[in-house]
file run_6.txt (compact mmCIF, C-alpha atoms and all ligand atoms)
# COMPACT_ATOMS: atom_id res chain seq x y z
CA MET A 1 -22.83 5.45 4.05
CA ALA A 2 -21.05 5.02 7.42
CA LYS A 3 -19.09 1.79 7.81
CA GLY A 4 -17.16 0.14 10.63
CA LYS A 5 -14.37 -1.19 8.43
CA ILE A 6 -13.35 -1.09 4.75
CA LYS A 7 -11.53 -3.51 2.48
CA ALA A 8 -8.66 -1.79 0.62
CA LEU A 9 -6.87 -3.52 -2.24
CA PHE A 10 -3.45 -2.23 -3.36
CA VAL A 11 -1.98 -3.06 -6.77
CA VAL A 12 1.78 -2.89 -7.46
CA GLY A 13 3.91 -4.21 -10.31
CA THR A 14 7.13 -2.23 -10.71
CA ARG A 15 9.94 -1.09 -8.42
CA PRO A 16 8.55 2.46 -7.96
CA ASP A 17 5.03 1.07 -7.42
CA ALA A 18 6.34 -1.00 -4.54
CA ILE A 19 8.45 1.78 -3.00
CA LYS A 20 5.73 4.44 -3.17
CA THR A 21 2.84 2.17 -2.19
CA ALA A 22 4.64 0.45 0.70
CA PRO A 23 4.27 3.32 3.21
CA VAL A 24 0.51 3.40 2.59
CA VAL A 25 0.17 -0.38 2.91
CA ILE A 26 2.15 -0.25 6.16
CA GLU A 27 -0.10 2.54 7.43
CA PHE A 28 -3.27 0.59 6.56
CA LEU A 29 -1.88 -2.59 8.13
CA ALA A 30 -1.24 -0.62 11.31
CA HIS A 31 -4.97 0.20 11.43
CA ALA A 32 -6.25 -3.35 10.95
CA ASP A 33 -9.25 -2.59 13.17
CA LEU A 34 -10.47 -0.05 10.59
CA CYS A 35 -9.41 -1.63 7.31
CA GLU A 36 -8.63 -4.96 5.77
CA THR A 37 -5.58 -4.68 3.49
CA ILE A 38 -4.90 -6.80 0.40
CA LEU A 39 -1.69 -6.42 -1.63
CA ILE A 40 -1.66 -7.68 -5.22
CA SER A 41 1.26 -7.77 -7.65
CA THR A 42 0.89 -7.85 -11.41
CA GLY A 43 4.53 -9.02 -11.54
CA GLN A 44 5.31 -6.42 -14.24
CA HIS A 45 8.81 -6.45 -12.72
CA ARG A 46 10.39 -9.47 -11.04
CA GLU A 47 13.74 -9.12 -9.20
CA MET A 48 13.38 -5.34 -8.95
CA LEU A 49 9.89 -5.60 -7.49
CA ASP A 50 10.81 -8.36 -5.08
CA GLN A 51 13.78 -6.44 -3.67
CA ALA A 52 11.70 -3.26 -3.28
CA LEU A 53 8.94 -5.07 -1.37
CA ALA A 54 11.51 -6.89 0.77
CA ALA A 55 12.98 -3.54 1.90
CA PHE A 56 9.67 -2.91 3.69
CA GLY A 57 9.09 -6.50 4.81
CA LEU A 58 5.97 -6.79 2.65
CA LYS A 59 4.62 -9.94 1.00
CA VAL A 60 1.92 -9.98 -1.66
CA ASP A 61 -1.35 -11.87 -1.30
CA ALA A 62 -1.40 -12.79 -5.00
CA ASP A 63 1.01 -12.39 -7.92
CA LEU A 64 -0.02 -12.40 -11.59
CA ALA A 65 3.68 -12.95 -12.53
CA LEU A 66 3.32 -11.22 -15.91
CA MET A 67 6.91 -10.16 -16.65
CA LYS A 68 8.26 -11.58 -19.92
CA HIS A 69 11.37 -10.36 -21.71
CA GLY A 70 10.58 -8.53 -24.92
CA GLN A 71 6.79 -8.34 -24.58
CA THR A 72 4.96 -5.31 -25.98
CA LEU A 73 3.06 -2.82 -23.83
CA ALA A 74 -0.22 -4.11 -25.34
CA GLU A 75 0.61 -7.73 -24.44
CA LEU A 76 1.54 -6.70 -20.91
CA THR A 77 -1.63 -4.61 -20.51
CA ALA A 78 -3.88 -7.36 -21.89
CA GLY A 79 -2.51 -9.84 -19.33
CA MET A 80 -3.08 -7.37 -16.53
CA LEU A 81 -6.66 -6.54 -17.46
CA ALA A 82 -7.64 -10.21 -17.51
CA GLY A 83 -5.72 -11.05 -14.31
CA LEU A 84 -6.84 -8.04 -12.29
CA ASP A 85 -10.45 -8.45 -13.38
CA SER A 86 -10.72 -11.84 -11.69
CA VAL A 87 -8.77 -10.61 -8.63
CA LEU A 88 -11.25 -7.74 -8.19
CA ALA A 89 -14.22 -10.06 -8.76
CA ASP A 90 -13.00 -12.44 -6.04
CA ALA A 91 -11.86 -9.84 -3.51
CA ALA A 92 -14.76 -7.37 -3.96
CA PRO A 93 -12.84 -4.50 -2.29
CA ASP A 94 -14.38 -1.17 -1.26
CA VAL A 95 -11.48 0.72 -2.83
CA VAL A 96 -8.58 -0.06 -5.18
CA PHE A 97 -5.27 1.82 -4.81
CA ALA A 98 -2.39 2.23 -7.25
CA GLN A 99 0.34 4.85 -7.58
CA GLY A 100 1.80 6.98 -10.32
CA ASP A 101 1.87 6.17 -13.99
CA THR A 102 2.98 2.63 -14.77
CA THR A 103 1.19 0.07 -16.94
CA THR A 104 0.19 -1.64 -13.68
CA THR A 105 -1.44 1.59 -12.48
CA PHE A 106 -3.29 2.11 -15.76
CA ALA A 107 -4.59 -1.48 -15.73
CA ALA A 108 -5.66 -1.19 -12.06
CA GLY A 109 -7.56 2.04 -12.82
CA LEU A 110 -9.24 0.70 -15.94
CA THR A 111 -10.24 -2.62 -14.36
CA SER A 112 -11.68 -0.79 -11.33
CA PHE A 113 -13.63 1.46 -13.69
CA TYR A 114 -15.07 -1.50 -15.62
CA ARG A 115 -16.17 -3.05 -12.30
CA SER A 116 -17.50 0.33 -11.03
CA LEU A 117 -15.18 0.16 -8.02
CA PRO A 118 -13.78 3.36 -6.46
CA PHE A 119 -10.19 3.88 -7.58
CA ALA A 120 -7.77 5.84 -5.37
CA HIS A 121 -4.76 7.35 -7.14
CA ILE A 122 -1.57 7.88 -5.13
CA GLU A 123 0.79 10.46 -6.73
CA ALA A 124 -2.01 11.95 -8.81
CA GLY A 125 -1.93 15.06 -10.99
CA LEU A 126 1.66 15.06 -12.30
CA ARG A 127 1.60 16.37 -15.86
CA THR A 128 3.83 17.33 -18.77
CA PRO A 129 2.58 19.36 -21.73
CA THR A 130 2.50 16.34 -24.08
CA VAL A 131 0.91 12.91 -23.80
CA TRP A 132 3.91 11.49 -25.70
CA ASN A 133 6.50 12.28 -23.03
CA PRO A 134 7.19 10.44 -20.80
CA PHE A 135 5.96 7.56 -22.93
CA PRO A 136 3.62 5.88 -22.11
CA GLU A 137 3.44 7.18 -18.52
CA GLU A 138 1.86 10.56 -19.30
CA PHE A 139 -1.10 8.76 -20.90
CA ASN A 140 -1.36 6.31 -18.00
CA ARG A 141 -1.64 8.94 -15.30
CA ARG A 142 -4.04 11.14 -17.27
CA ALA A 143 -6.25 8.12 -18.01
CA VAL A 144 -6.56 6.98 -14.38
CA GLY A 145 -7.14 10.60 -13.35
CA LEU A 146 -10.36 10.48 -15.39
CA VAL A 147 -11.81 7.62 -13.34
CA ALA A 148 -10.37 8.13 -9.86
CA ALA A 149 -12.80 8.63 -6.99
CA LEU A 150 -9.96 9.81 -4.72
CA HIS A 151 -6.92 11.75 -5.96
CA PHE A 152 -3.83 12.07 -3.77
CA PRO A 153 -1.58 14.67 -5.45
CA PRO A 154 1.80 15.12 -3.75
CA THR A 155 1.99 18.90 -4.18
CA PRO A 156 -0.33 21.90 -4.61
CA TRP A 157 0.84 22.19 -8.25
CA ALA A 158 -0.32 18.62 -8.97
CA ALA A 159 -3.66 19.33 -7.27
CA GLU A 160 -4.16 22.42 -9.45
CA ASN A 161 -3.64 20.29 -12.56
CA LEU A 162 -6.42 17.95 -11.43
CA LEU A 163 -8.83 20.75 -10.55
CA ARG A 164 -8.19 22.41 -13.92
CA GLU A 165 -9.11 19.13 -15.61
CA GLY A 166 -12.40 19.01 -13.72
CA ALA A 167 -11.72 16.72 -10.73
CA ALA A 168 -14.25 17.37 -7.94
CA PRO A 169 -12.51 19.49 -5.28
CA GLU A 170 -13.81 17.24 -2.46
CA SER A 171 -12.01 14.25 -4.06
CA VAL A 172 -8.56 15.93 -4.15
CA PHE A 173 -6.20 15.79 -1.13
CA VAL A 174 -2.66 17.19 -1.19
CA THR A 175 -0.67 14.67 0.82
CA GLY A 176 3.03 14.97 -0.06
CA ASN A 177 4.74 12.18 -1.97
CA THR A 178 4.76 8.76 -0.34
CA GLY A 179 8.26 8.32 -1.82
CA ILE A 180 9.53 10.74 0.84
CA ASP A 181 7.83 8.61 3.53
CA ALA A 182 9.65 5.64 1.98
CA VAL A 183 13.10 7.30 2.15
CA GLN A 184 12.49 8.16 5.78
CA ILE A 185 11.40 4.61 6.62
CA VAL A 186 14.48 2.92 5.13
CA SER A 187 17.17 5.49 5.88
CA LYS A 188 16.93 5.09 9.63
CA GLY A 189 20.00 3.61 11.25
CA LYS A 190 21.84 1.99 8.32
CA GLU A 191 25.65 2.39 8.13
CA GLN A 192 27.38 3.96 5.10
CA THR A 193 29.37 1.22 3.34
CA TRP A 194 29.72 2.50 -0.23
CA PHE A 195 33.26 2.92 -1.61
CA PRO A 196 35.18 3.68 1.62
CA GLU A 197 38.47 3.37 -0.32
CA HIS A 198 37.54 6.09 -2.84
CA LYS A 199 38.62 9.50 -1.54
CA GLY A 200 37.36 11.60 -4.45
CA ARG A 201 33.86 12.45 -5.59
CA VAL A 202 31.09 10.08 -6.69
CA VAL A 203 28.69 10.72 -9.58
CA LEU A 204 25.62 8.49 -9.72
CA LEU A 205 23.89 7.73 -13.03
CA THR A 206 20.56 5.96 -13.59
CA THR A 207 18.77 5.76 -16.92
CA HIS A 208 15.93 3.56 -18.14
CA ARG A 209 13.15 5.63 -19.73
CA ARG A 210 11.63 4.26 -22.92
CA GLU A 211 11.82 7.61 -24.72
CA ASN A 212 15.59 7.55 -24.05
CA TRP A 213 16.18 4.07 -25.49
CA GLY A 214 18.69 3.99 -28.34
CA GLU A 215 20.56 7.14 -29.35
CA PRO A 216 19.61 9.33 -26.33
CA GLN A 217 20.83 6.64 -23.93
CA LYS A 218 24.03 6.27 -25.91
CA ALA A 219 24.57 10.04 -25.71
CA ILE A 220 23.98 9.92 -21.94
CA ALA A 221 26.54 7.12 -21.53
CA LEU A 222 29.08 8.92 -23.73
CA ALA A 223 28.62 12.11 -21.70
CA ALA A 224 29.14 10.18 -18.47
CA ARG A 225 32.34 8.61 -19.83
CA SER A 226 33.69 12.05 -20.77
CA ILE A 227 32.78 13.47 -17.35
CA VAL A 228 34.87 10.76 -15.67
CA GLY A 229 37.71 11.32 -18.16
CA GLU A 230 37.78 15.08 -17.53
CA ASN A 231 37.52 14.91 -13.70
CA PRO A 232 40.28 12.63 -12.38
CA ASP A 233 38.90 12.33 -8.83
CA VAL A 234 35.43 11.23 -9.98
CA LEU A 235 34.09 7.70 -9.62
CA LEU A 236 31.01 7.04 -11.77
CA VAL A 237 28.53 4.53 -10.34
CA VAL A 238 25.82 3.15 -12.60
CA PRO A 239 23.19 0.83 -11.08
CA MET A 240 21.87 -0.81 -14.23
CA HIS A 241 18.14 -1.29 -14.71
CA LYS A 242 17.38 -4.96 -15.46
CA ASN A 243 16.05 -4.18 -18.93
CA PRO A 244 18.41 -5.84 -21.47
CA ILE A 245 17.89 -2.97 -23.95
CA VAL A 246 19.24 -0.48 -21.40
CA ARG A 247 22.07 -2.72 -20.18
CA GLU A 248 23.42 -3.35 -23.64
CA VAL A 249 24.06 0.37 -24.25
CA LEU A 250 25.59 0.90 -20.81
CA HIS A 251 27.90 -2.10 -21.23
CA SER A 252 28.97 -1.12 -24.74
CA VAL A 253 29.87 2.50 -23.87
CA LEU A 254 30.97 2.26 -20.23
CA GLY A 255 32.05 -1.37 -19.74
CA GLY A 256 35.69 -1.68 -18.62
CA ALA A 257 36.23 2.10 -18.41
CA GLU A 258 38.50 3.37 -15.65
CA ARG A 259 36.73 4.70 -12.49
CA VAL A 260 33.36 3.40 -13.73
CA GLU A 261 31.36 0.90 -11.68
CA LEU A 262 28.52 -0.78 -13.54
CA ILE A 263 26.57 -2.51 -10.77
CA GLU A 264 23.41 -4.54 -10.28
CA PRO A 265 20.52 -2.43 -8.93
CA PRO A 266 21.08 -2.15 -5.19
CA ASP A 267 18.05 -2.83 -3.02
CA TYR A 268 16.22 0.28 -1.85
CA GLU A 269 17.96 0.68 1.49
CA ASP A 270 21.39 0.45 -0.16
CA PHE A 271 20.35 2.71 -3.02
CA VAL A 272 19.34 5.45 -0.57
CA LYS A 273 22.75 5.09 1.10
CA LEU A 274 24.38 5.32 -2.33
CA MET A 275 22.51 8.56 -3.04
CA GLU A 276 23.74 9.89 0.31
CA ARG A 277 27.32 8.90 -0.59
CA CYS A 278 27.34 10.63 -3.98
CA ASP A 279 28.04 14.25 -4.89
CA LEU A 280 26.02 14.58 -8.08
CA ILE A 281 23.16 12.61 -9.62
CA LEU A 282 22.44 12.25 -13.34
CA THR A 283 19.07 10.55 -13.88
CA ASP A 284 15.97 10.15 -16.00
CA SER A 285 14.13 8.50 -13.08
CA GLY A 286 11.04 10.08 -11.58
CA GLY A 287 11.52 8.81 -8.04
CA VAL A 288 15.20 9.71 -7.87
CA GLN A 289 14.32 13.30 -8.90
CA GLU A 290 12.10 13.48 -5.81
CA GLU A 291 14.44 11.81 -3.35
CA ALA A 292 17.63 13.66 -4.29
CA PRO A 293 16.54 17.16 -3.13
CA SER A 294 15.50 15.76 0.25
CA LEU A 295 19.08 14.43 0.58
CA GLY A 296 20.65 17.72 -0.58
CA LYS A 297 22.04 16.25 -3.82
CA PRO A 298 22.08 18.23 -7.08
CA VAL A 299 20.30 16.42 -9.90
CA LEU A 300 20.69 16.81 -13.63
CA VAL A 301 17.49 15.47 -15.20
CA LEU A 302 18.22 13.61 -18.43
CA ARG A 303 14.89 14.37 -20.07
CA ASP A 304 13.28 17.03 -22.24
CA THR A 305 10.26 17.50 -19.97
CA THR A 306 9.56 16.93 -16.31
CA GLU A 307 6.30 16.43 -14.47
CA ARG A 308 8.18 17.39 -11.31
CA PRO A 309 8.91 21.12 -11.70
CA GLU A 310 9.15 21.72 -7.95
CA GLY A 311 12.77 20.53 -7.72
CA VAL A 312 13.75 22.77 -10.64
CA GLU A 313 11.98 25.72 -8.98
CA ALA A 314 13.70 24.96 -5.66
CA GLY A 315 17.04 25.10 -7.52
CA THR A 316 18.24 21.56 -6.74
CA ALA A 317 17.32 20.01 -10.10
CA LYS A 318 18.07 21.12 -13.64
CA LEU A 319 16.50 19.79 -16.81
CA VAL A 320 19.39 19.10 -19.20
CA GLY A 321 17.86 16.76 -21.79
CA THR A 322 19.90 14.07 -23.54
CA ASP A 323 22.37 16.03 -25.64
CA ARG A 324 25.84 14.70 -24.88
CA TYR A 325 27.55 18.10 -24.78
CA ALA A 326 24.79 19.79 -22.75
CA ILE A 327 25.08 17.07 -20.08
CA MET A 328 28.90 17.37 -20.02
CA GLU A 329 28.78 21.15 -19.77
CA GLU A 330 26.33 21.20 -16.84
CA ALA A 331 28.06 18.37 -14.97
CA ASN A 332 31.50 19.91 -15.41
CA ARG A 333 30.21 23.28 -14.24
CA LEU A 334 28.94 21.67 -11.04
CA LEU A 335 32.09 19.64 -10.50
CA ARG A 336 34.41 22.61 -11.07
CA SER A 337 32.67 25.55 -9.42
CA THR A 338 32.16 25.34 -5.66
CA GLU A 339 29.88 28.37 -5.83
CA HIS A 340 27.65 26.78 -8.46
CA TYR A 341 27.67 23.43 -6.65
CA THR A 342 26.80 24.90 -3.24
CA LYS A 343 23.85 26.76 -4.75
CA MET A 344 22.32 23.49 -5.97
CA ALA A 345 23.34 21.22 -3.09
CA LYS A 346 20.80 22.28 -0.52
CA ALA A 347 18.48 19.96 1.31
CA VAL A 348 14.93 20.98 0.51
CA SER A 349 11.85 18.84 0.40
CA PRO A 350 9.37 20.22 -2.08
CA TYR A 351 7.80 16.76 -2.50
CA GLY A 352 6.73 15.85 1.00
CA ASP A 353 7.31 15.75 4.75
CA GLY A 354 7.07 12.01 5.36
CA ARG A 355 3.40 12.01 6.44
CA ALA A 356 1.75 11.33 3.08
CA ALA A 357 0.65 7.79 3.96
CA GLN A 358 -1.05 8.96 7.16
CA ARG A 359 -2.97 11.62 5.24
CA ILE A 360 -4.03 9.09 2.60
CA ARG A 361 -5.28 6.68 5.25
CA TYR A 362 -7.12 9.45 7.07
CA ALA A 363 -8.79 10.90 3.95
CA THR A 364 -9.78 7.45 2.67
CA LEU A 365 -11.40 6.39 5.92
CA GLN A 366 -13.20 9.74 6.16
CA HIS A 367 -14.44 9.28 2.58
CA PHE A 368 -16.00 5.95 3.53
CA GLY A 369 -17.42 7.28 6.80
CA VAL A 370 -15.12 5.21 9.03
CA GLU A 371 -14.32 6.87 12.35
CA SER A 372 -10.57 7.54 12.33
CA PRO A 373 -8.46 8.59 15.32
CA GLU A 374 -6.55 11.62 14.03
CA GLU A 375 -7.70 15.04 12.98
CA ALA A 376 -5.73 18.05 11.70
CA MET A 377 -3.60 16.07 9.27
CA TRP A 378 -3.01 19.09 7.08
CA GLY A 379 -1.24 22.35 7.80
C1 LIG B 401 8.50 0.52 -15.97
C2 LIG B 401 7.52 1.66 -16.05
C3 LIG B 401 8.23 2.99 -15.83
C4 LIG B 401 9.04 2.97 -14.56
C5 LIG B 401 9.97 1.75 -14.56
C6 LIG B 401 10.64 1.68 -13.23
C7 LIG B 401 5.67 1.30 -17.60
C8 LIG B 401 5.15 1.49 -18.96
N1 LIG B 401 6.92 1.72 -17.37
O1 LIG B 401 9.40 0.67 -17.07
O2 LIG B 401 7.27 4.01 -15.73
O3 LIG B 401 9.82 4.13 -14.53
O4 LIG B 401 9.20 0.56 -14.75
O5 LIG B 401 11.75 0.90 -13.25
O6 LIG B 401 4.99 0.79 -16.74
N2 LIG B 401 13.14 -6.44 -16.29
C9 LIG B 401 13.73 -7.55 -15.66
N3 LIG B 401 13.59 -7.66 -14.29
C10 LIG B 401 12.90 -6.77 -13.54
C11 LIG B 401 12.33 -5.66 -14.19
C12 LIG B 401 12.45 -5.51 -15.56
O7 LIG B 401 14.33 -8.37 -16.29
O8 LIG B 401 12.80 -6.94 -12.32
C13 LIG B 401 13.27 -6.30 -17.78
C14 LIG B 401 12.32 -7.23 -18.53
O9 LIG B 401 12.94 -7.65 -19.71
C15 LIG B 401 11.14 -6.32 -18.84
C16 LIG B 401 11.88 -5.04 -19.15
O10 LIG B 401 12.92 -4.98 -18.16
O11 LIG B 401 10.36 -6.79 -19.92
C17 LIG B 401 11.07 -3.77 -19.13
O12 LIG B 401 10.19 -3.73 -18.04
P1 LIG B 401 8.81 -2.86 -18.14
O13 LIG B 401 8.10 -2.98 -16.87
O14 LIG B 401 8.11 -3.19 -19.39
O15 LIG B 401 9.28 -1.39 -18.36
P2 LIG B 401 10.30 -0.50 -17.64
O16 LIG B 401 11.11 0.10 -18.75
O17 LIG B 401 10.96 -1.20 -16.52
N1 LIG B 402 15.98 2.61 -6.90
C1 LIG B 402 16.49 1.50 -6.23
N2 LIG B 402 17.59 0.86 -6.77
C2 LIG B 402 18.17 1.27 -7.93
C3 LIG B 402 17.63 2.40 -8.61
C4 LIG B 402 16.53 3.04 -8.05
O1 LIG B 402 16.00 1.10 -5.19
O2 LIG B 402 19.14 0.66 -8.37
C5 LIG B 402 14.80 3.28 -6.33
C6 LIG B 402 14.87 4.79 -6.25
O3 LIG B 402 15.39 5.21 -5.00
C7 LIG B 402 13.42 5.22 -6.44
C8 LIG B 402 12.86 4.15 -7.33
O4 LIG B 402 13.74 3.04 -7.25
O5 LIG B 402 12.70 5.18 -5.23
C9 LIG B 402 12.79 4.69 -8.72
O6 LIG B 402 12.65 3.66 -9.62
P1 LIG B 402 12.92 3.87 -11.15
O7 LIG B 402 13.97 4.89 -11.39
O8 LIG B 402 13.13 2.51 -11.70
O9 LIG B 402 11.48 4.36 -11.66
P2 LIG B 402 10.78 5.80 -11.84
O10 LIG B 402 10.78 6.49 -10.54
O11 LIG B 402 11.52 6.52 -12.91
O12 LIG B 402 9.41 5.45 -12.30
call {"tool": "encode", "arguments": {"input": "run_6.txt", "output": "structure tokens", "more": "lines below"}}
Ligand code: UD1
Ligand code: UDP
result
Amino acid sequence: MAKGKIKALFVVGTRPDAIKTAPVVIEFLAHADLCETILISTGQHREMLDQALAAFGLKVDADLALMKHGQTLAELTAGMLAGLDSVLADAAPDVVFAQGDTTTTFAAGLTSFYRSLPFAHIEAGLRTPTVWNPFPEEFNRRAVGLVAALHFPPTPWAAENLLREGAAPESVFVTGNTGIDAVQIVSKGKEQTWFPEHKGRVVLLTTHRRENWGEPQKAIALAARSIVGENPDVLLVVPMHKNPIVREVLHSVLGGAERVELIEPPDYEDFVKLMERCDLILTDSGGVQEEAPSLGKPVLVLRDTTERPEGVEAGTAKLVGTDRYAIMEEANRLLRSTEHYTKMAKAVSPYGDGRAAQRIRYATLQHFGVESPEEAMWG
């Protein structure tokens, strides 16, 4: 049915939700004649969500404020289902958007399904071979994939996963990852201010994944400490996730060590500058795995599986797992062999070209029969 204007409701809750949804919200806001835009937060994260939204100058229309220290995934999900259900009832949107694989995304998809509202999935189709890893994200993204009316996979590989699972081809649009749009938005024009006094190399470490809590995270931190010890020009920088479980391990293994900076999570603009400043990235983050290749930074992925094989295929990322000695060996190889380092440190962008949000806006408006200005968004 042709329409003059649609009402689009976006749901965010975590730091990556905010960063990857922001470019699409900005794009929809720029077309206010064609769509009304509502931004809702579940408040799954607090400080980390607020700083991510602030980087894009976005404010939410409503906030369920659900973050509590130590709550279980079921408690968090239950709060979201109840809260989002009444938000959707009041707003009566034409389409509900969420990105990726967080609890917020799962709850947005399920609540939309229960209300028979079209759900649009940004960063659709990423898959690992097992629903248990990453936990619980692999389940979340598969579950919302079942009910999505519009799927926006970032890459052809992700689109193939969806088609294999039976998604209707006319509902699947390869757009690139909106995270690459986000990097491009914030990296314009900001000065480099990280560690001007340090003349050697910088290694950046981030770790927070649930499946790495406990022993794997301890092994990661021990490996990082050894890498600093064995490479006297290296400064290790560790922006610590706000989760107390993660911080405790990082403090206990790395606190007070020489040439180790344990820092509060920088806001997104500063974090991008920090990635630009560093020579090597060790991470279990999904978003960082996507951003690093576009900045030409080698990444060692501290996980046993990845739903982002494109970086590995492009040669800028390597899956090393969480074994202490395997991490040390790979990092030392990169830090000691120029040939090996140069091979991995190439700027490629297998995840997007910075126009994902435009494509998502265009495909969505087309889907609802709204006349939209651009054509030829693909190719
Ligand atoms: C969540 C996502 C994960 C994503 C990560 C990004 C799920 C199941 N997991 O994991 O996919 O990679 O966010 O960072 O959705 N906390 C604060 N302040 C904050 C944020 C978190 O104090 O701003 C603490 C709280 O104690 C909170 C805990 O961290 O309970 C964990 O947060 P939660 O959202 O449950 O999971 P994450 O591990 O952050
Ligand atoms: N990020 C940030 N500050 C930090 C660490 C990460 O702004 O201290 C950004 C990062 O650039 C990426 C996103 O947060 O865009 C990734 O978030 P996170 O690693 O928490 O989640 P994941 O991507 O693993 O779901």
call {"tool": "closest_residue", "arguments": {"input": "run_6.txt", "among": "A:Arg361, A:Arg303, A:Lys346, A:Lys218", "to": "ligand LIG 402 (chain B)", "atoms": "only C-alpha atoms and all ligand atoms"}}
result
A:Arg303
call {"tool": "closest_atom_pairs", "arguments": {"input": "run_6.txt", "of": "range 129-223 of chain A", "to": "range 326-339 of chain A", "cutoff": "10 Å", "atoms": "all atoms listed in the file", "output": "Markdown table"}}
result
| residue | atom | partner | partner_atom | distance |
| --- | --- | --- | --- | --- |
| A:Arg201 | CA | A:Leu335 | CA | 8.9 |
| A:Val203 | CA | A:Ala331 | CA | 9.4 |
| A:Ala219 | CA | A:Ile327 | CA | 9.0 |
| A:Ile220 | CA | A:Ile327 | CA | 7.5 |
| A:Leu222 | CA | A:Met328 | CA | 9.2 |
| A:Ala223 | CA | A:Met328 | CA | 5.5 |
call {"tool": "closest_residue", "arguments": {"input": "run_6.txt", "among": "A:Leu162, A:Ala55, A:Ile227, A:Ala8", "to": "Ala32 in chain A", "atoms": "only C-alpha atoms"}}
result
A:Ala8
call {"tool": "axis_aligned_box", "arguments": {"input": "run_6.txt", "around": "range 89-101 of chain A", "padding_each_side": "8 Å", "output": "AutoDock Vina command-line options"}}
result
--center_x -6.4 --center_y -2.7 --center_z -7.6 --size_x 32.6 --size_y 35.4 --size_z 28.7
call {"tool": "residues_around", "arguments": {"input": "run_6.txt", "residues": "Asp101 in chain A", "least_positions_apart": "4", "cutoff": "6 Å", "atoms": "all atoms listed in the file", "output": "list in words"}}
result
Thr105, Glu137, Asn140 and Arg141 of chain A
call {"tool": "write_last_selection", "arguments": {"input": "run_6.txt", "atoms": "C-alpha atoms", "output": "compact mmCIF listing (two decimals), in the coordinates of the input"}}
result
# COMPACT_ATOMS: atom_id res chain seq x y z
CA THR A 105 -1.44 1.59 -12.48
CA GLU A 137 3.44 7.18 -18.52
CA ASN A 140 -1.36 6.31 -18.00
CA ARG A 141 -1.64 8.94 -15.30
call {"tool": "residues_near_ligand", "arguments": {"input": "run_6.txt", "ligand": "ligand LIG 401 (chain B)", "cutoff": "10 Å", "atoms": "all atoms listed in the file", "output": "PyMOL selection string"}}
result
chain A and resi 13-17+43-52+66-73+76-77+100-107+134-140+207-211+213+241-247+265+284-287
call {"tool": "residues_around", "arguments": {"input": "run_6.txt", "residues": "range 126-128 of chain A", "least_positions_apart": "4", "cutoff": "8 Å", "atoms": "only C-alpha atoms", "output": "list of chain:residue names"}}
result
A:Asn133, A:Pro134, A:Glu138, A:Arg141, A:Arg142, A:Pro153, A:Ala158, A:Asn161, A:Thr305, A:Thr306, A:Glu307, A:Arg308
call {"tool": "residues_around", "arguments": {"input": "run_6.txt", "residues": "Val172 in chain A", "least_positions_apart": "2", "cutoff": "10 Å", "atoms": "all atoms listed in the file", "output": "list in words"}}
result
His121, Ala124, Gly125, Ala148, Ala149, Leu150, His151, Phe152, Pro153, Ala158, Ala159, Glu160, Leu162, Leu163, Ala167, Ala168, Pro169, Glu170, Val174, Thr175 and Ala363 of chain A
call {"tool": "atom_distance", "arguments": {"input": "run_6.txt", "atom1": "atom N1 of ligand LIG 402 (chain B)", "atom2": "CA of Thr283 in chain A"}}
result
11.0 Å
call {"tool": "closest_residue", "arguments": {"input": "run_6.txt", "among": "A:Phe28, A:Phe10, A:Tyr268, A:Phe97", "to": "ligand LIG 402 (chain B)", "atoms": "only C-alpha atoms and all ligand atoms"}}
result
A:Tyr268
call {"tool": "closest_residue", "arguments": {"input": "run_6.txt", "among": "A:Gly79, A:Gly166, A:Pro239, A:Pro350", "to": "ligand LIG 402 (chain B)", "atoms": "only C-alpha atoms and all ligand atoms"}}
result
A:Pro239
call {"tool": "atom_distance", "arguments": {"input": "run_6.txt", "atom1": "CA of Ile19 in chain A", "atom2": "CA of Gly83 in chain A"}}
result
22.2 Å
call {"tool": "closest_residue", "arguments": {"input": "run_6.txt", "among": "A:Pro232, A:Gly200, A:Pro266, A:Pro23", "to": "ligand LIG 402 (chain B)", "atoms": "all atoms listed in the file"}}
result
A:Pro266
call {"tool": "closest_residue", "arguments": {"input": "run_6.txt", "among": "A:Asp33, A:Glu269, A:Glu27, A:Glu191", "to": "ligand LIG 402 (chain B)", "atoms": "only C-alpha atoms and all ligand atoms"}}
result
A:Glu269
call {"tool": "atom_distance", "arguments": {"input": "run_6.txt", "atom1": "CA of Thr342 in chain A", "atom2": "CA of Gly315 in chain A"}}
result
10.7 Å
call {"tool": "residues_around", "arguments": {"input": "run_6.txt", "residues": "Ile281 in chain A", "least_positions_apart": "6", "cutoff": "10 Å", "atoms": "all atoms listed in the file", "output": "compact mmCIF listing (two decimals) with C-alpha atoms, in the coordinates of the input"}}
result
# COMPACT_ATOMS: atom_id res chain seq x y z
CA VAL A 202 31.09 10.08 -6.69
CA VAL A 203 28.69 10.72 -9.58
CA LEU A 204 25.62 8.49 -9.72
CA LEU A 205 23.89 7.73 -13.03
CA THR A 206 20.56 5.96 -13.59
CA LEU A 236 31.01 7.04 -11.77
CA VAL A 237 28.53 4.53 -10.34
CA MET A 275 22.51 8.56 -3.04
CA VAL A 288 15.20 9.71 -7.87
CA GLN A 289 14.32 13.30 -8.90
CA ALA A 292 17.63 13.66 -4.29
CA LYS A 297 22.04 16.25 -3.82
CA PRO A 298 22.08 18.23 -7.08
CA VAL A 299 20.30 16.42 -9.90
CA LEU A 300 20.69 16.81 -13.63
CA VAL A 301 17.49 15.47 -15.20
CA ALA A 317 17.32 20.01 -10.10
CA ALA A 331 28.06 18.37 -14.97
